[in-house]
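The data block below is structure-v3.cif; it holds mmCIF, C-alpha atoms.
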data_run
loop_
_atom_site.label_atom_id
_atom_site.label_comp_id
_atom_site.auth_asym_id
_atom_site.auth_seq_id
_atom_site.Cartn_x
_atom_site.Cartn_y
_atom_site.Cartn_z
CA MET F 1 -27.72 -7.16 5.39
CA SER F 2 -30.65 -6.35 7.68
CA GLU F 3 -31.22 -2.94 9.28
CA GLN F 4 -30.44 -4.49 12.67
CA ASP F 5 -27.10 -5.78 11.35
CA LEU F 6 -26.27 -2.26 10.17
CA VAL F 7 -27.08 -0.85 13.60
CA ASN F 8 -24.98 -3.48 15.40
CA ASP F 9 -22.09 -3.43 12.92
CA PRO F 10 -22.32 -0.41 10.58
CA TYR F 11 -18.93 -1.11 8.98
CA GLN F 12 -19.40 -4.84 8.35
CA ALA F 13 -19.19 -4.53 4.56
CA ILE F 14 -15.82 -2.73 4.57
CA ARG F 15 -14.00 -3.50 7.83
CA PRO F 16 -11.24 -6.10 8.40
CA TYR F 17 -12.31 -9.48 9.74
CA ARG F 18 -12.53 -9.90 13.49
CA ASP F 19 -10.85 -12.69 15.46
CA ASP F 20 -14.10 -14.66 15.76
CA GLU F 21 -14.48 -14.68 11.95
CA VAL F 22 -10.99 -15.93 11.07
CA GLY F 23 -11.65 -19.68 11.34
CA GLU F 24 -14.67 -19.65 9.04
CA VAL F 25 -12.93 -17.45 6.45
CA LEU F 26 -9.83 -19.68 6.37
CA THR F 27 -11.96 -22.81 5.97
CA GLY F 28 -13.71 -21.14 3.06
CA LEU F 29 -10.35 -20.35 1.44
CA ILE F 30 -9.14 -23.95 1.72
CA TYR F 31 -12.27 -25.14 -0.10
CA ASN F 32 -12.15 -22.33 -2.67
CA ASP F 33 -11.04 -24.04 -5.90
CA GLU F 34 -10.07 -20.75 -7.57
CA PHE F 35 -7.80 -19.82 -4.64
CA VAL F 36 -6.15 -23.25 -4.58
CA ARG F 37 -5.68 -23.09 -8.36
CA ALA F 38 -4.03 -19.64 -8.03
CA ILE F 39 -1.67 -20.84 -5.26
CA THR F 40 -0.78 -23.94 -7.29
CA HIS F 41 0.01 -21.80 -10.32
CA TYR F 42 2.12 -19.43 -8.20
CA GLN F 43 4.10 -22.27 -6.57
CA PHE F 44 4.43 -24.43 -9.70
CA PRO F 45 4.00 -22.13 -12.73
CA ARG F 46 5.08 -24.74 -15.31
CA LEU F 47 3.95 -28.01 -13.74
CA SER F 48 0.49 -26.64 -12.91
CA GLU F 49 -0.36 -26.32 -16.61
CA TRP F 50 -0.38 -30.08 -17.21
CA MET F 51 -0.27 -31.62 -13.73
CA GLY F 52 -2.63 -29.27 -11.90
CA TRP F 53 -5.13 -32.05 -11.19
CA VAL F 54 -2.41 -33.90 -9.24
CA LEU F 55 -0.88 -30.85 -7.55
CA ARG F 56 -4.05 -29.08 -6.39
CA PRO F 57 -5.09 -31.69 -3.79
CA ILE F 58 -1.52 -31.68 -2.41
CA VAL F 59 -1.50 -27.88 -2.23
CA ARG F 60 -4.89 -27.93 -0.48
CA ILE F 61 -3.59 -30.35 2.18
CA ALA F 62 -0.42 -28.28 2.64
CA LEU F 63 -2.47 -25.09 3.05
CA ALA F 64 -4.74 -26.75 5.61
CA ALA F 65 -1.69 -27.87 7.61
CA ARG F 66 -0.05 -24.43 7.37
CA ILE F 67 -3.07 -22.51 8.63
CA GLY F 68 -4.39 -25.18 10.99
CA ASP F 69 -3.05 -23.37 14.06
CA VAL F 70 -4.26 -19.92 12.96
CA SER F 71 -7.12 -18.94 15.25
CA ASP F 72 -7.11 -15.14 15.16
CA VAL F 73 -5.85 -12.11 13.22
CA HIS F 74 -2.59 -11.98 15.20
CA ASP F 75 -1.81 -15.61 14.26
CA PHE F 76 -2.52 -14.84 10.61
CA GLN F 77 -0.23 -11.80 10.69
CA LYS F 78 2.55 -13.89 12.27
CA LEU F 79 2.20 -16.18 9.26
CA VAL F 80 2.42 -13.16 6.94
CA ALA F 81 5.50 -11.94 8.87
CA ASP F 82 7.29 -15.24 8.14
CA TYR F 83 6.72 -14.74 4.40
CA MET F 84 7.72 -11.06 4.69
CA ALA F 85 11.04 -12.00 6.29
CA LYS F 86 11.83 -14.39 3.41
CA MET F 87 10.73 -11.84 0.80
CA ILE F 88 12.87 -9.07 2.34
CA SER F 89 15.96 -11.30 2.45
CA ARG F 90 15.48 -12.32 -1.21
CA THR F 91 14.44 -9.02 -2.82
CA THR F 92 16.14 -6.22 -0.85
CA THR F 93 19.74 -5.37 -0.07
CA ARG F 94 18.65 -3.74 3.18
CA MET F 95 15.57 -2.43 4.92
CA THR F 96 15.78 0.72 7.08
CA CYS F 97 13.47 3.23 8.72
CA SER F 98 13.59 6.59 10.48
CA GLY F 99 11.28 8.55 12.77
CA ILE F 100 9.60 5.52 14.34
CA GLU F 101 11.01 6.16 17.81
CA GLN F 102 8.66 9.15 18.29
CA PHE F 103 5.49 7.04 18.37
CA ASP F 104 3.58 5.86 21.42
CA ASP F 105 1.95 2.46 20.81
CA GLU F 106 -0.87 3.47 23.12
CA GLU F 107 -1.78 6.20 20.62
CA ALA F 108 -3.36 5.76 17.17
CA TYR F 109 -2.14 7.56 14.03
CA LEU F 110 -3.43 8.12 10.52
CA PHE F 111 -0.39 7.41 8.33
CA VAL F 112 -0.79 9.21 4.98
CA SER F 113 1.84 7.73 2.70
CA ASN F 114 3.27 8.26 -0.74
CA HIS F 115 2.29 5.38 -3.01
CA ARG F 116 4.73 3.48 -5.22
CA ASP F 117 3.75 -0.17 -4.82
CA ILE F 118 0.24 -1.61 -4.46
CA ALA F 119 0.99 -4.20 -1.76
CA MET F 120 4.47 -3.45 -0.46
CA ASP F 121 3.98 0.17 0.71
CA PRO F 122 1.64 -0.72 3.60
CA ALA F 123 3.42 -4.06 4.11
CA PHE F 124 6.74 -2.31 4.79
CA VAL F 125 5.07 0.16 7.18
CA ASN F 126 3.57 -2.78 9.06
CA TRP F 127 6.87 -4.67 8.98
CA VAL F 128 8.90 -1.93 10.64
CA ARG F 129 6.21 -1.40 13.30
CA TYR F 130 6.13 -5.16 13.92
CA GLN F 131 9.93 -5.19 14.30
CA TYR F 132 9.67 -2.47 16.94
CA GLY F 133 7.01 -4.40 18.86
CA MET F 134 4.24 -2.01 17.82
CA SER F 135 0.73 -2.94 16.75
CA THR F 136 0.18 -3.26 13.01
CA VAL F 137 -2.04 -0.81 11.14
CA ARG F 138 -5.33 -1.16 9.34
CA ILE F 139 -4.79 -0.78 5.59
CA ALA F 140 -7.03 1.05 3.10
CA ILE F 141 -7.36 -0.86 -0.18
CA GLY F 142 -9.45 -0.04 -3.24
CA ASP F 143 -12.21 -2.44 -4.26
CA ASN F 144 -10.78 -2.40 -7.80
CA LEU F 145 -8.08 -4.76 -6.47
CA LEU F 146 -10.60 -7.09 -4.85
CA ARG F 147 -12.49 -8.47 -7.82
CA LYS F 148 -11.79 -12.02 -6.68
CA PRO F 149 -13.58 -12.93 -3.42
CA TYR F 150 -10.55 -14.89 -2.18
CA VAL F 151 -8.31 -11.82 -2.64
CA SER F 152 -10.78 -9.77 -0.60
CA ASP F 153 -10.79 -12.45 2.13
CA LEU F 154 -6.97 -12.55 2.28
CA MET F 155 -6.66 -8.78 2.50
CA ARG F 156 -9.37 -8.44 5.18
CA LEU F 157 -7.70 -11.18 7.23
CA ASN F 158 -4.58 -8.99 7.12
CA LYS F 159 -6.37 -5.96 8.64
CA SER F 160 -7.32 -4.31 5.33
CA PHE F 161 -10.53 -2.33 4.92
CA ILE F 162 -12.26 -1.59 1.64
CA VAL F 163 -12.38 1.75 -0.15
CA ASN F 164 -15.39 1.63 -2.46
CA ARG F 165 -14.12 3.25 -5.66
CA SER F 166 -16.71 1.68 -7.95
CA ALA F 167 -19.69 3.54 -6.41
CA ARG F 168 -21.28 6.33 -8.44
CA GLY F 169 -23.60 9.28 -7.77
CA ARG F 170 -25.44 9.24 -4.45
CA GLU F 171 -23.96 5.83 -3.61
CA MET F 172 -20.50 7.37 -3.77
CA MET F 173 -21.39 10.05 -1.20
CA THR F 174 -22.77 7.36 1.12
CA ALA F 175 -19.66 5.20 0.66
CA LEU F 176 -17.26 8.12 1.26
CA THR F 177 -19.12 9.22 4.39
CA GLN F 178 -19.01 5.65 5.71
CA LEU F 179 -15.29 5.44 4.95
CA SER F 180 -14.67 8.78 6.67
CA SER F 181 -16.62 7.61 9.70
CA TYR F 182 -14.77 4.29 9.82
CA ILE F 183 -11.36 6.00 9.73
CA ASP F 184 -12.34 8.33 12.58
CA HIS F 185 -13.88 5.40 14.51
CA SER F 186 -10.65 3.40 14.14
CA ILE F 187 -8.40 6.24 15.31
CA GLN F 188 -10.65 7.04 18.30
CA ASN F 189 -10.63 3.36 19.29
CA GLY F 190 -6.85 3.03 19.22
CA HIS F 191 -6.30 1.47 15.77
CA SER F 192 -3.73 3.16 13.50
CA ILE F 193 -4.42 3.36 9.78
CA TRP F 194 -2.37 3.44 6.57
CA ILE F 195 -3.79 5.15 3.49
CA ALA F 196 -2.17 6.34 0.26
CA GLN F 197 -1.98 10.09 -0.32
CA ARG F 198 -4.02 9.72 -3.52
CA GLU F 199 -5.82 7.13 -5.60
CA GLY F 200 -3.34 5.13 -7.68
CA ARG F 201 0.43 4.93 -7.59
CA ALA F 202 2.70 7.89 -8.37
CA LYS F 203 3.99 6.20 -11.51
CA ASP F 204 6.08 9.22 -12.56
CA GLY F 205 7.81 9.49 -9.17
CA ASN F 206 5.96 12.73 -8.31
CA ASP F 207 4.32 12.30 -4.91
CA ARG F 208 1.29 14.59 -4.65
CA THR F 209 -1.41 14.51 -1.97
CA ASP F 210 -4.93 14.74 -3.38
CA PRO F 211 -6.97 17.32 -1.40
CA ALA F 212 -10.09 15.28 -2.22
CA LEU F 213 -8.75 12.52 0.04
CA LEU F 214 -8.40 15.02 2.89
CA LYS F 215 -11.94 16.29 2.26
CA MET F 216 -13.11 12.69 2.68
CA PHE F 217 -11.47 12.52 6.12
CA TYR F 218 -13.65 15.44 7.17
CA MET F 219 -16.98 14.33 5.66
CA SER F 220 -18.27 12.49 8.72
CA GLN F 221 -17.09 15.22 11.11
CA ARG F 222 -18.18 18.43 9.39
CA LYS F 223 -21.27 18.90 11.61
CA GLN F 224 -19.32 18.45 14.86
CA ARG F 225 -16.06 20.36 14.42
CA SER F 226 -13.95 22.58 12.17
CA PHE F 227 -11.59 21.14 9.54
CA SER F 228 -8.57 22.12 11.66
CA GLU F 229 -10.03 20.40 14.74
CA ALA F 230 -10.64 17.25 12.69
CA VAL F 231 -7.00 17.26 11.52
CA GLU F 232 -5.81 17.41 15.13
CA ARG F 233 -8.21 14.63 16.13
CA LEU F 234 -7.02 12.27 13.38
CA ASN F 235 -3.32 12.49 14.37
CA ILE F 236 -2.06 12.56 10.76
CA VAL F 237 1.54 11.48 10.08
CA PRO F 238 3.07 11.77 6.56
CA VAL F 239 5.15 8.75 5.48
CA SER F 240 7.80 8.58 2.73
CA ILE F 241 8.57 5.13 1.32
CA SER F 242 11.51 4.96 -1.07
CA TYR F 243 12.74 2.03 -3.16
CA GLU F 244 16.23 2.05 -4.60
CA TYR F 245 14.77 0.11 -7.50
CA ASP F 246 11.08 -0.25 -8.35
CA PRO F 247 10.26 -3.75 -9.67
CA CYS F 248 7.41 -2.25 -11.72
CA ASP F 249 9.35 0.70 -13.17
CA ALA F 250 9.57 -0.65 -16.74
CA SER F 251 5.83 -1.39 -16.92
CA LYS F 252 5.03 2.04 -15.44
CA ALA F 253 7.28 3.67 -18.06
CA ARG F 254 5.55 1.77 -20.86
CA GLU F 255 2.14 2.89 -19.62
CA LEU F 256 3.18 6.55 -19.30
CA ALA F 257 4.84 6.47 -22.75
CA ALA F 258 1.68 5.01 -24.30
CA LYS F 259 -0.42 7.76 -22.71
CA ALA F 260 2.03 10.43 -23.89
CA THR F 261 2.04 9.21 -27.50
CA SER F 262 -1.53 7.99 -28.04
CA GLY F 263 -3.38 9.70 -25.19
CA ALA F 264 -4.66 6.44 -23.72
CA TYR F 265 -3.56 3.17 -22.16
CA GLU F 266 -5.71 0.05 -22.08
CA LYS F 267 -5.12 -1.84 -18.82
CA GLN F 268 -5.30 -5.64 -19.13
CA GLU F 269 -7.80 -7.56 -16.97
CA PHE F 270 -5.32 -8.91 -14.39
CA GLU F 271 -2.66 -6.23 -14.74
CA ASP F 272 -3.08 -5.00 -11.14
CA ILE F 273 -2.63 -8.55 -9.82
CA ASP F 274 0.48 -8.96 -12.00
CA SER F 275 1.83 -5.69 -10.58
CA ILE F 276 1.23 -6.94 -7.03
CA VAL F 277 3.15 -10.17 -7.72
CA LYS F 278 5.98 -8.29 -9.47
CA GLY F 279 6.19 -5.78 -6.62
CA ILE F 280 6.48 -8.58 -4.06
CA THR F 281 8.94 -10.82 -5.91
CA GLY F 282 11.07 -8.24 -7.81
CA ASN F 283 14.41 -6.71 -6.81
CA LYS F 284 14.03 -3.55 -4.73
CA GLY F 285 17.57 -2.81 -3.54
CA HIS F 286 17.57 -0.64 -0.41
CA VAL F 287 14.10 0.19 0.94
CA HIS F 288 13.63 3.00 3.47
CA VAL F 289 10.48 3.97 5.38
CA ALA F 290 10.60 7.52 6.82
CA PHE F 291 7.93 8.60 9.29
CA GLY F 292 7.27 12.33 9.51
CA SER F 293 5.94 14.22 12.52
CA PRO F 294 2.28 14.25 13.61
CA ILE F 295 0.69 17.29 11.98
CA ARG F 296 -0.30 20.07 14.35
CA GLY F 297 -1.41 23.67 13.80
CA GLN F 298 -4.13 25.56 11.97
CA PHE F 299 -5.25 24.27 8.57
CA ASP F 300 -8.25 26.01 7.09
CA THR F 301 -8.52 23.99 3.87
CA PRO F 302 -7.64 20.53 2.53
CA GLU F 303 -5.29 22.26 0.08
CA ASP F 304 -3.28 23.78 2.98
CA LEU F 305 -3.04 20.38 4.65
CA ALA F 306 -1.98 18.71 1.37
CA LEU F 307 0.94 21.15 1.08
CA GLU F 308 2.16 20.24 4.57
CA ILE F 309 1.90 16.49 3.90
CA ASP F 310 3.82 16.94 0.62
CA ARG F 311 6.46 19.06 2.35
CA GLN F 312 7.19 16.34 4.90
CA ILE F 313 7.13 13.56 2.30
CA TYR F 314 9.64 15.40 0.09
CA LEU F 315 12.02 16.37 2.88
CA ASN F 316 11.96 12.93 4.54
CA TYR F 317 12.27 10.95 1.30
CA HIS F 318 15.49 8.91 1.39
CA LEU F 319 17.41 9.65 -1.82
CA HIS F 320 19.14 6.51 -3.09
CA PRO F 321 22.10 6.53 -5.51
CA SER F 322 19.58 5.57 -8.23
CA ASN F 323 17.68 8.82 -7.60
CA LEU F 324 20.82 10.96 -7.51
CA ALA F 325 22.25 9.37 -10.66
CA ALA F 326 18.97 9.95 -12.51
CA ALA F 327 18.99 13.63 -11.49
CA GLY F 328 22.57 14.10 -12.70
CA GLU F 329 24.05 14.48 -9.22
CA GLU F 330 27.40 12.98 -8.29
CA VAL F 331 27.48 9.30 -7.30
CA SER F 332 30.22 6.67 -7.29
CA ALA F 333 31.25 5.08 -10.60
CA GLU F 334 29.85 1.76 -9.35
CA ASP F 335 26.46 3.27 -8.49
CA GLN F 336 26.32 5.11 -11.83
CA ALA F 337 27.13 1.91 -13.74
CA GLN F 338 24.47 0.00 -11.81
CA PHE F 339 21.83 2.62 -12.59
CA ASP F 340 22.82 2.80 -16.27
CA SER F 341 22.57 -0.99 -16.49
CA HIS F 342 19.12 -0.87 -14.90
CA LEU F 343 17.93 1.80 -17.36
CA ALA F 344 19.16 -0.33 -20.26
CA GLN F 345 16.35 -2.82 -19.53
CA VAL F 346 14.04 -0.60 -21.57
CA GLU F 347 14.62 0.53 -25.14
CA GLU F 348 16.21 3.90 -25.85
CA GLY F 349 13.65 6.58 -26.47
CA PRO F 350 10.58 7.88 -24.62
CA GLU F 351 10.25 4.89 -22.26
CA ARG F 352 13.84 5.14 -21.05
CA GLU F 353 13.58 8.91 -20.56
CA ILE F 354 10.36 8.49 -18.58
CA MET F 355 11.94 5.81 -16.41
CA LYS F 356 14.94 8.04 -15.72
CA GLN F 357 12.64 10.95 -14.82
CA MET F 358 10.71 8.65 -12.49
CA TYR F 359 13.84 8.24 -10.36
CA ALA F 360 14.92 11.89 -10.71
CA ASN F 361 11.64 13.53 -9.61
CA PRO F 362 12.07 12.83 -5.86
CA VAL F 363 15.43 14.65 -6.02
CA PHE F 364 13.93 17.65 -7.80
CA ASN F 365 11.03 17.79 -5.32
CA ARG F 366 13.42 17.59 -2.37
CA ARG F 367 15.75 20.28 -3.76
CA ARG F 368 12.82 22.54 -4.55
CA MET F 369 11.55 22.18 -0.98
CA GLU F 370 15.05 22.93 0.32
CA GLY F 371 15.13 26.07 -1.83
CA ASN F 372 17.89 24.85 -4.14
CA LEU F 373 15.83 24.87 -7.35
#
Would you put the structure from the file into structure tokens?
Amino acid sequence: MSEQDLVNDPYQAIRPYRDDEVGEVLTGLIYNDEFVRAITHYQFPRLSEWMGWVLRPIVRIALAARIGDVSDVHDFQKLVADYMAKMISRTTTRMTCSGIEQFDDEEAYLFVSNHRDIAMDPAFVNWVRYQYGMSTVRIAIGDNLLRKPYVSDLMRLNKSFIVNRSARGREMMTALTQLSSYIDHSIQNGHSIWIAQREGRAKDGNDRTDPALLKMFYMSQRKQRSFSEAVERLNIVPVSISYEYDPCDASKARELAAKATSGAYEKQEFEDIDSIVKGITGNKGHVHVAFGSPIRGQFDTPEDLALEIDRQIYLNYHLHPSNLAAAGEEVSAEDQAQFDSHLAQVEEGPEREIMKQMYANPVFNRRRMEGNL
């Protein structure tokens, strides 16, 4: 990228694609053999092993027909919405939200969310906004999930921007300052943003905001205004996303048990991609998205702000029967039996205890915040 390109478009390397870039990116995807092979395998997992050479050209033609009328980001997101509707009907018992009525679509917000599922957390936030006729948000996604160029293209078509987690040393400071500047630029130009409250999912069910994330928000503003003024300017809203059942809970429990017993866990090469697929296609039960209130007031440090974000996330978290049963609170016999049956998917011992604790922790955090623990 030339210096002039950087001046004209300083966020080109990390920002979502613009409307005038959509056509070229989609054409590239249709002719990307690796992408077509992945779609073929996803659609025909058994047949693709021995008939892939026959299926791939058919899949390529079908893809070209499906995206032929897509000319901008809005068209692409309408396509995504069709798939979301089918996914929600197949994998959830119901989808609800609270707190959304307080937002003005003419205003931009920085939604800082708890993080349970790699793809579905921001997807559900976008879905409920879409259902209410609101603009969708720009989504922060780590470059560790974008090792395949076609995955990066798909995510950036869907209004995702890249968080450079692989940078080191001085490069990291440059990348974080650019990210901080891009987030502020988006908010000031009327584009809401979703970002997880910390790097990585809360696999143990304990939602904790990382103050380092909040320091990053301030990096590009520290010469112009105080930390508290920057908080006000960014219009931060905590978001609690709760799943009655987490499709990845057993694999999370296995990972945490391995770390507890041996001190380490070796992640497989495509484990994150497998988690994304499992999160999309697995049973979730009732899913609830709770929007907190825009944060106002004096915050002198990132640690103070993290406490307020956590407070809202805990108090707004929708406690499902699965959470209450795990915490030993009273639920119906039917709900208790359903949760016990779900726990029985993993062997008795450390993994099962960890999985139970995973569902119980939101209850304990809520009760503690209410002053009952």
Of the candidates F:Thr301, F:Asn316, F:Asn361, F:Gln268, which shows the shortest atom-to-atom distance to Gly328 (chain F), using all atoms listed in the file?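 The answer is F:Asn361, which sits nearest to Gly328 (chain F).
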Given the point (-2.8, -27.8, -4.7) in the coordinates of this file, which residues lie within 7 Å, counting only C-alpha atoms, and how would they look as a list in words? Val36, Arg37, Thr40, Leu55, Arg56, Pro57, Ile58, Val59 and Arg60 of chain F
With C-alpha atoms kept, could you save the residues just selected as a PDB file, in the frame of the given file?
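Just written: selection-v8.pdb:
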ATOM      1  CA  VAL F  36      -6.150 -23.250  -4.580  1.00  0.00           C
ATOM      2  CA  ARG F  37      -5.680 -23.090  -8.360  1.00  0.00           C
ATOM      3  CA  THR F  40      -0.780 -23.940  -7.290  1.00  0.00           C
ATOM      4  CA  LEU F  55      -0.880 -30.850  -7.550  1.00  0.00           C
ATOM      5  CA  ARG F  56      -4.050 -29.080  -6.390  1.00  0.00           C
ATOM      6  CA  PRO F  57      -5.090 -31.690  -3.790  1.00  0.00           C
ATOM      7  CA  ILE F  58      -1.520 -31.680  -2.410  1.00  0.00           C
ATOM      8  CA  VAL F  59      -1.500 -27.880  -2.230  1.00  0.00           C
ATOM      9  CA  ARG F  60      -4.890 -27.930  -0.480  1.00  0.00           C
TER      10      ARG F  60
END
Do you know which residues are at most 10 Å from Ala250 (chain F) counting only C-alpha atoms, after dropping those on the same chain fewer than 3 positions away, and could you put them as a PDB file with C-alpha atoms, in the coordinates of the input?
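result_0.pdb was written with the following content:
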ATOM      1  CA  ASP F 246      11.080  -0.250  -8.350  1.00  0.00           C
ATOM      2  CA  PRO F 247      10.260  -3.750  -9.670  1.00  0.00           C
ATOM      3  CA  ALA F 253       7.280   3.670 -18.060  1.00  0.00           C
ATOM      4  CA  ARG F 254       5.550   1.770 -20.860  1.00  0.00           C
ATOM      5  CA  GLU F 255       2.140   2.890 -19.620  1.00  0.00           C
ATOM      6  CA  LEU F 256       3.180   6.550 -19.300  1.00  0.00           C
ATOM      7  CA  HIS F 342      19.120  -0.870 -14.900  1.00  0.00           C
ATOM      8  CA  LEU F 343      17.930   1.800 -17.360  1.00  0.00           C
ATOM      9  CA  GLN F 345      16.350  -2.820 -19.530  1.00  0.00           C
ATOM     10  CA  VAL F 346      14.040  -0.600 -21.570  1.00  0.00           C
ATOM     11  CA  GLU F 347      14.620   0.530 -25.140  1.00  0.00           C
ATOM     12  CA  GLU F 351      10.250   4.890 -22.260  1.00  0.00           C
ATOM     13  CA  ARG F 352      13.840   5.140 -21.050  1.00  0.00           C
ATOM     14  CA  ILE F 354      10.360   8.490 -18.580  1.00  0.00           C
ATOM     15  CA  MET F 355      11.940   5.810 -16.410  1.00  0.00           C
TER      16      MET F 355
END
Under the rule that only C-alpha atoms are counted, which of F:Gly23, F:Gly169, F:Gly133, F:Pro238 is the nearest residue to Gln197 (chain F)? F:Pro238
Test item: which residues lie within 12 Å of (23.3, 12.6, -9.5) counting all atoms listed in the file, as a list in words: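 Final list of nearby residues, as requested, is Leu319, His320, Pro321, Ser322, Asn323, Leu324, Ala325, Ala326, Ala327, Gly328, Glu329, Glu330, Val331, Ser332, Ala333, Asp335, Gln336, Phe339, Asp340, Lys356, Tyr359, Ala360, Asn361, Pro362, Val363 and Phe364 of chain F.
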Expected file: the selected residues, C-alpha atoms, as a tab-separated table (two decimals), in the coordinates of the input:
chain	number	residue	atom	x	y	z
F	319	LEU	CA	17.41	9.65	-1.82
F	320	HIS	CA	19.14	6.51	-3.09
F	321	PRO	CA	22.10	6.53	-5.51
F	322	SER	CA	19.58	5.57	-8.23
F	323	ASN	CA	17.68	8.82	-7.60
F	324	LEU	CA	20.82	10.96	-7.51
F	325	ALA	CA	22.25	9.37	-10.66
F	326	ALA	CA	18.97	9.95	-12.51
F	327	ALA	CA	18.99	13.63	-11.49
F	328	GLY	CA	22.57	14.10	-12.70
F	329	GLU	CA	24.05	14.48	-9.22
F	330	GLU	CA	27.40	12.98	-8.29
F	331	VAL	CA	27.48	9.30	-7.30
F	332	SER	CA	30.22	6.67	-7.29
F	333	ALA	CA	31.25	5.08	-10.60
F	335	ASP	CA	26.46	3.27	-8.49
F	336	GLN	CA	26.32	5.11	-11.83
F	339	PHE	CA	21.83	2.62	-12.59
F	340	ASP	CA	22.82	2.80	-16.27
F	356	LYS	CA	14.94	8.04	-15.72
F	359	TYR	CA	13.84	8.24	-10.36
F	360	ALA	CA	14.92	11.89	-10.71
F	361	ASN	CA	11.64	13.53	-9.61
F	362	PRO	CA	12.07	12.83	-5.86
F	363	VAL	CA	15.43	14.65	-6.02
F	364	PHE	CA	13.93	17.65	-7.80
Using only C-alpha atoms, what does the table of region 52-122 of chain F residues within 10 Å of region 278-291 of chain F look like, with each row giving the shortest atom pair and its distance in Å to one decimal, sorted by chain and ascending number, as JSON lines?
{"residue": "F:Met84", "atom": "CA", "partner": "F:Ile280", "partner_atom": "CA", "distance": 9.2}
{"residue": "F:Met87", "atom": "CA", "partner": "F:Thr281", "partner_atom": "CA", "distance": 7.0}
{"residue": "F:Ile88", "atom": "CA", "partner": "F:Lys284", "partner_atom": "CA", "distance": 9.0}
{"residue": "F:Arg90", "atom": "CA", "partner": "F:Asn283", "partner_atom": "CA", "distance": 8.0}
{"residue": "F:Thr91", "atom": "CA", "partner": "F:Asn283", "partner_atom": "CA", "distance": 4.6}
{"residue": "F:Thr92", "atom": "CA", "partner": "F:Gly285", "partner_atom": "CA", "distance": 4.6}
{"residue": "F:Thr93", "atom": "CA", "partner": "F:Gly285", "partner_atom": "CA", "distance": 4.8}
{"residue": "F:Arg94", "atom": "CA", "partner": "F:His286", "partner_atom": "CA", "distance": 4.9}
{"residue": "F:Met95", "atom": "CA", "partner": "F:Val287", "partner_atom": "CA", "distance": 5.0}
{"residue": "F:Thr96", "atom": "CA", "partner": "F:His288", "partner_atom": "CA", "distance": 4.8}
{"residue": "F:Cys97", "atom": "CA", "partner": "F:Val289", "partner_atom": "CA", "distance": 4.5}
{"residue": "F:Ser98", "atom": "CA", "partner": "F:Ala290", "partner_atom": "CA", "distance": 4.8}
{"residue": "F:Gly99", "atom": "CA", "partner": "F:Phe291", "partner_atom": "CA", "distance": 4.8}
{"residue": "F:Ile100", "atom": "CA", "partner": "F:Phe291", "partner_atom": "CA", "distance": 6.1}
{"residue": "F:Glu101", "atom": "CA", "partner": "F:Phe291", "partner_atom": "CA", "distance": 9.4}
{"residue": "F:Gln102", "atom": "CA", "partner": "F:Phe291", "partner_atom": "CA", "distance": 9.0}
{"residue": "F:Phe103", "atom": "CA", "partner": "F:Phe291", "partner_atom": "CA", "distance": 9.5}
{"residue": "F:Phe111", "atom": "CA", "partner": "F:Phe291", "partner_atom": "CA", "distance": 8.5}
{"residue": "F:Val112", "atom": "CA", "partner": "F:Phe291", "partner_atom": "CA", "distance": 9.7}
{"residue": "F:Ser113", "atom": "CA", "partner": "F:Phe291", "partner_atom": "CA", "distance": 9.0}
{"residue": "F:Arg116", "atom": "CA", "partner": "F:Gly279", "partner_atom": "CA", "distance": 9.5}
{"residue": "F:Asp117", "atom": "CA", "partner": "F:Gly279", "partner_atom": "CA", "distance": 6.4}
{"residue": "F:Ile118", "atom": "CA", "partner": "F:Gly279", "partner_atom": "CA", "distance": 7.6}
{"residue": "F:Ala119", "atom": "CA", "partner": "F:Gly279", "partner_atom": "CA", "distance": 7.3}
{"residue": "F:Met120", "atom": "CA", "partner": "F:Ile280", "partner_atom": "CA", "distance": 6.6}
{"residue": "F:Asp121", "atom": "CA", "partner": "F:Val289", "partner_atom": "CA", "distance": 8.9}
For Tyr317 (chain F), the nearest of the candidates F:Gly205, F:Pro45, F:Gly68, F:Gly52, counting only C-alpha atoms: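 Of F:Gly205, F:Pro45, F:Gly68, F:Gly52, the one nearest Tyr317 (chain F) is F:Gly205, counting only C-alpha atoms.
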Gap from CA of Ile273 (chain F) to CA of Val237 (chain F) - Å, one decimal: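 Answer for the CA of Ile273 (chain F) to CA of Val237 (chain F) separation: 28.5 Å.
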What does the PyMOL selection byres ((chain F and resi 157) around 10) select in this file, as a PyMOL selection string? chain F and resi 15-19+21-22+25-26+72-74+76-77+151-156+158-161
Can you pull out every residue within 9 Å of Glu308 (chain F), counting all atoms listed in the file, but drop anything in the same chain fewer than 5 positions away, and send it as a PyMOL selection string? chain F and resi 238+295+303+313
Name the closest residue to Ala258 (chain F) among the candidates F:Ile141, F:Pro350, F:Arg367, F:Asp20; distances are taken between atoms, counting all atoms listed in the file.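 When distances to Ala258 (chain F) are compared using all atoms listed in the file, the smallest one comes from F:Pro350.
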Nearest to Asn164 (chain F) by atom-to-atom distance, counting all atoms listed in the file, from F:Arg147, F:Lys252, F:Arg138, F:His41: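 Between F:Arg147, F:Lys252, F:Arg138, F:His41, the residue approaching Asn164 (chain F) most closely is F:Arg147.
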